[in-house]
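J.: Handing over coords08.pdb, PDB, C-alpha atoms.
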ATOM      1  CA  MET A1025     -45.009-109.007  23.753
ATOM      2  CA  ASN A1026     -48.024-110.208  25.745
ATOM      3  CA  GLU A1027     -46.399-109.063  29.001
ATOM      4  CA  GLU A1028     -45.923-105.553  27.571
ATOM      5  CA  LYS A1029     -49.553-105.424  26.503
ATOM      6  CA  ASP A1030     -50.653-106.552  29.970
ATOM      7  CA  LEU A1031     -48.474-103.880  31.584
ATOM      8  CA  TYR A1032     -49.873-101.230  29.256
ATOM      9  CA  GLU A1033     -53.445-102.202  30.143
ATOM     10  CA  LEU A1034     -52.543-102.058  33.829
ATOM     11  CA  ILE A1035     -51.255 -98.464  33.719
ATOM     12  CA  ARG A1036     -53.373 -97.083  30.875
ATOM     13  CA  PRO A1037     -55.845 -94.415  32.024
ATOM     14  CA  LYS A1038     -59.427 -95.665  31.940
ATOM     15  CA  ALA A1039     -60.855 -92.173  32.432
ATOM     16  CA  LEU A1040     -59.911 -88.641  33.480
ATOM     17  CA  LEU A1041     -61.378 -85.836  35.511
ATOM     18  CA  LYS A1042     -60.322 -82.470  34.065
ATOM     19  CA  ALA A1043     -60.180 -79.550  36.517
ATOM     20  CA  MET A1044     -62.410 -76.787  35.152
ATOM     21  CA  ASN A1045     -60.958 -73.929  37.211
ATOM     22  CA  LYS A1046     -57.926 -72.991  39.301
ATOM     23  CA  ASP A1047     -59.545 -73.992  42.638
ATOM     24  CA  ALA A1048     -60.357 -77.451  41.274
ATOM     25  CA  GLU A1049     -56.800 -77.853  39.988
ATOM     26  CA  MET A1050     -55.225 -76.629  43.242
ATOM     27  CA  ALA A1051     -57.271 -79.210  45.190
ATOM     28  CA  ILE A1052     -55.457 -82.067  43.418
ATOM     29  CA  GLN A1053     -52.353 -83.160  45.338
ATOM     30  CA  GLY A1054     -48.880 -83.651  43.918
ATOM     31  CA  ASP A1055     -48.439 -86.578  41.550
ATOM     32  CA  CYS A1056     -52.195 -86.990  41.121
ATOM     33  CA  ASN A1057     -52.272 -83.649  39.271
ATOM     34  CA  VAL A1058     -51.172 -84.212  35.685
ATOM     35  CA  ASP A1059     -51.548 -80.788  34.045
ATOM     36  CA  GLY A1060     -54.936 -80.267  35.706
ATOM     37  CA  PHE A1061     -56.169 -83.820  35.087
ATOM     38  CA  ILE A1062     -56.945 -86.574  37.594
ATOM     39  CA  VAL A1063     -55.975 -89.928  36.065
ATOM     40  CA  ILE A1064     -58.386 -92.781  36.830
ATOM     41  CA  SER A1065     -56.630 -96.089  36.182
ATOM     42  CA  LYS A1066     -58.925 -98.455  38.102
ATOM     43  CA  PHE A1067     -62.510 -98.846  39.241
ATOM     44  CA  PRO A1068     -64.028 -98.265  41.663
ATOM     45  CA  PHE A1069     -62.251 -94.922  42.120
ATOM     46  CA  ARG A1070     -62.959 -93.217  45.446
ATOM     47  CA  ILE A1071     -62.493 -89.507  46.165
ATOM     48  CA  GLY A1072     -62.549 -87.712  49.505
ATOM     49  CA  ARG A1073     -61.139 -84.750  51.392
ATOM     50  CA  GLU A1074     -57.637 -84.611  52.790
ATOM     51  CA  TYR A1075     -58.252 -83.788  56.431
ATOM     52  CA  ARG A1076     -54.689 -83.901  57.728
ATOM     53  CA  THR A1077     -53.848 -80.324  56.770
ATOM     54  CA  GLU A1078     -52.544 -77.385  58.727
ATOM     55  CA  VAL A1079     -52.050 -73.778  57.633
ATOM     56  CA  ILE A1080     -48.650 -72.335  58.546
ATOM     57  CA  ASN A1081     -47.649 -68.855  57.333
ATOM     58  CA  GLU A1082     -50.608 -68.824  54.908
ATOM     59  CA  GLU A1083     -49.432 -72.074  53.304
ATOM     60  CA  THR A1084     -51.335 -75.361  53.516
ATOM     61  CA  ILE A1085     -49.158 -78.151  54.886
ATOM     62  CA  ILE A1086     -50.203 -81.806  54.538
ATOM     63  CA  LYS A1087     -49.211 -84.040  57.421
ATOM     64  CA  VAL A1088     -47.508 -87.265  56.372
ATOM     65  CA  ARG A1089     -49.842 -90.266  56.186
ATOM     66  CA  HIS A1090     -48.324 -93.169  58.135
ATOM     67  CA  ARG A1091     -50.020 -96.509  57.645
ATOM     68  CA  LYS A1092     -49.149-100.149  57.598
ATOM     69  CA  ASN A1093     -48.949-101.844  54.212
ATOM     70  CA  ASP A1094     -51.924-104.074  54.983
ATOM     71  CA  VAL A1095     -54.229-101.141  55.797
ATOM     72  CA  LYS A1096     -56.339 -99.999  52.846
ATOM     73  CA  ARG A1097     -56.849 -96.303  52.251
ATOM     74  CA  ASN A1098     -60.390 -94.935  52.333
ATOM     75  CA  ASN A1099     -59.848 -93.053  49.066
ATOM     76  CA  ASP A1100     -57.838 -93.371  45.885
ATOM     77  CA  LEU A1101     -57.584 -89.577  45.733
ATOM     78  CA  TYR A1102     -57.558 -87.054  48.565
ATOM     79  CA  LEU A1103     -58.500 -83.519  47.500
ATOM     80  CA  ILE A1104     -57.531 -80.400  49.465
ATOM     81  CA  ASP A1105     -60.589 -78.276  50.361
ATOM     82  CA  ASN A1106     -59.283 -74.792  51.169
ATOM     83  CA  GLY A1107     -62.613 -73.000  51.207
ATOM     84  CA  GLU A1108     -64.004 -71.139  54.206
ATOM     85  CA  ARG A1109     -66.928 -73.540  54.025
ATOM     86  CA  LEU A1110     -66.018 -77.171  53.378
ATOM     87  CA  HIS A1111     -67.521 -78.717  50.242
ATOM     88  CA  ILE A1112     -65.694 -82.051  50.184
ATOM     89  CA  SER A1113     -66.357 -84.811  52.741
ATOM     90  CA  ARG A1114     -63.674 -87.238  53.919
ATOM     91  CA  GLU A1115     -65.374 -90.008  51.924
ATOM     92  CA  HIS A1116     -67.255 -88.132  49.236
ATOM     93  CA  LEU A1117     -67.866 -90.058  46.019
ATOM     94  CA  GLN A1118     -67.069 -93.158  44.031
ATOM     95  CA  ILE A1119     -66.842 -93.640  40.265
ATOM     96  CA  GLU A1120     -67.571 -97.157  39.037
ATOM     97  CA  LYS A1121     -67.793 -98.986  35.735
ATOM     98  CA  SER A1122     -70.284-101.731  34.939
ATOM     99  CA  GLY A1123     -70.056-103.130  31.431
ATOM    100  CA  ASP A1124     -69.921-100.138  29.086
ATOM    101  CA  HIS A1125     -71.520 -97.784  31.619
ATOM    102  CA  TYR A1126     -70.003 -95.506  34.246
ATOM    103  CA  PHE A1127     -71.723 -94.520  37.484
ATOM    104  CA  ILE A1128     -71.039 -91.934  40.151
ATOM    105  CA  THR A1129     -72.215 -92.648  43.690
ATOM    106  CA  ASP A1130     -72.353 -90.288  46.651
ATOM    107  CA  ARG A1131     -70.712 -91.946  49.690
ATOM    108  CA  ASN A1132     -73.036 -90.291  52.210
ATOM    109  CA  SER A1133     -71.306 -86.915  51.890
ATOM    110  CA  THR A1134     -72.604 -83.817  53.657
ATOM    111  CA  CYS A1135     -72.856 -81.568  50.576
ATOM    112  CA  GLY A1136     -73.641 -84.076  47.810
ATOM    113  CA  VAL A1137     -72.506 -84.276  44.200
ATOM    114  CA  GLY A1138     -73.751 -82.534  41.087
ATOM    115  CA  VAL A1139     -73.677 -84.060  37.612
ATOM    116  CA  ASN A1140     -74.655 -81.455  35.045
ATOM    117  CA  GLN A1141     -78.023 -80.197  36.376
ATOM    118  CA  LYS A1142     -78.790 -83.210  38.620
ATOM    119  CA  ARG A1143     -77.851 -83.633  42.287
ATOM    120  CA  ILE A1144     -77.226 -86.795  44.312
ATOM    121  CA  GLY A1145     -76.499 -87.242  48.001
ATOM    122  CA  LYS A1146     -77.588 -88.525  51.377
ATOM    123  CA  ASP A1147     -80.450 -86.020  51.726
ATOM    124  CA  MET A1148     -81.653 -86.460  48.143
ATOM    125  CA  GLN A1149     -83.806 -89.045  46.382
ATOM    126  CA  GLU A1150     -80.947 -90.433  44.319
ATOM    127  CA  HIS A1151     -77.533 -91.535  45.535
ATOM    128  CA  SER A1152     -76.140 -92.687  42.177
ATOM    129  CA  LEU A1153     -76.284 -91.532  38.543
ATOM    130  CA  GLU A1154     -74.973 -92.783  35.234
ATOM    131  CA  LEU A1155     -71.918 -90.798  34.193
ATOM    132  CA  LYS A1156     -71.138 -90.094  30.543
ATOM    133  CA  SER A1157     -68.025 -88.701  28.927
ATOM    134  CA  GLY A1158     -68.298 -84.914  28.893
ATOM    135  CA  ASP A1159     -70.439 -84.698  32.047
ATOM    136  CA  MET A1160     -69.582 -81.954  34.526
ATOM    137  CA  VAL A1161     -69.065 -83.209  38.095
ATOM    138  CA  LYS A1162     -69.454 -80.761  40.995
ATOM    139  CA  ILE A1163     -68.001 -82.075  44.245
ATOM    140  CA  GLY A1164     -69.968 -80.376  47.019
ATOM    141  CA  THR A1165     -72.801 -77.855  47.032
ATOM    142  CA  GLU A1166     -74.266 -76.213  43.930
ATOM    143  CA  HIS A1167     -71.830 -73.323  44.513
ATOM    144  CA  THR A1168     -68.697 -75.451  44.920
ATOM    145  CA  PRO A1169     -65.520 -74.351  43.170
ATOM    146  CA  TYR A1170     -64.546 -78.015  42.701
ATOM    147  CA  VAL A1171     -65.820 -78.719  39.196
ATOM    148  CA  TYR A1172     -64.381 -81.429  36.935
ATOM    149  CA  LYS A1173     -65.208 -82.722  33.462
ATOM    150  CA  PHE A1174     -65.442 -86.527  33.195
ATOM    151  CA  ILE A1175     -63.647 -88.005  30.172
ATOM    152  CA  ALA A1176     -63.957 -91.748  29.464
ATOM    153  CA  PHE A1177     -61.672 -93.735  27.147
ATOM    154  CA  ASP A1178     -63.332 -97.154  27.031
TER     155      ASP A1178
END
Would you mind writing the structure in this file as structure tokens?

T.:
Amino acid sequence: MNEEKDLYELIRPKALLKAMNKDAEMAIQGDCNVDGFIVISKFPFRIGREYRTEVINEETIIKVRHRKNDVKRNNDLYLIDNGERLHISREHLQIEKSGDHYFITDRNSTCGVGVNQKRIGKDMQEHSLELKSGDMVKIGTEHTPYVYKFIAFD
């Protein structure tokens, strides 16, 4: 029974990011997209842009990521940025948990991150903000289509 409980805690979502529009949902790749939700099962959770894409016959193709097992990925989630102007950096943001509090940190991205009406980023005074359940997260400029609602379970 204890093993089952441990397994449940291991795979249980700790938080979600809910895509708030079609562009935000389409940016989420394959298995990471669960009905328009990004499942966060561990902290820190790092998000960045998938840069190994190619457009063939008006369809975005993702090149296969080959890596050795001992090489860590830069991100836990790679989003597809299909805009004419890129909003998402290769290493864009990180969501962390400390005690009962969640924090979002800009990872030196070009366009920054918005949380509700506040902005964080490399060219701004703040690089990190507390994140609360229900907050709206904008990945990129103020006009980004990549908007997600943060939902915490703990």

J.: Using all atoms listed in the file, determine which residues lie at most 9 Å from Leu1117 in chain A, disregarding the query and same-chain residues fewer than 3 positions distant; provide the list as a PyMOL selection string.

T.: chain A and resi 1069-1072+1113+1128-1133+1136-1137+1163

J.: Of the residues A:Asn1045, A:Thr1168, A:Ile1064, A:Ile1035, which is the one nearest to Glu1108 in chain A, using only C-alpha atoms?

T.: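 Counting only C-alpha atoms, the residue closest to Glu1108 in chain A is A:Thr1168.
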
J.: Specify as a VMD selection string each residue included when the PyMOL selection byres ((chain A and resi 1142) around 10) is applied to this file.

T.: chain A and resid 1137 to 1141 1143 to 1144 1150 1153 1161 to 1162 1166

J.: What does the structure give for the distance between CA of Ser1065 in chain A and CA of Ala1039 in chain A, in Å to one decimal?

T.: 6.9 Å

J.: I'd like the contact shell of Pro1037 in chain A - 10 Å cut-off, all atoms listed in the file, skipping same-chain residues fewer than 5 positions apart - returned as a ChimeraX atom specification.

T.: /A:1032,1062-1066,1176-1178

J.: Determine the nearest neighbour of Ile1052 in chain A from the options A:Val1171, A:Gly1158, A:Arg1036, A:Arg1109, counting all atoms listed in the file.

T.: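 Result for the nearest residue to Ile1052 in chain A: A:Val1171.
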
J.: Under the rule that all atoms listed in the file are counted, which of A:Leu1103, A:Gly1164, A:Asn1026, A:Glu1033 is the nearest residue to Gly1054 in chain A?

T.: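 Checking each of A:Leu1103, A:Gly1164, A:Asn1026, A:Glu1033 against Gly1054 in chain A, counting all atoms listed in the file, the winner is A:Leu1103.
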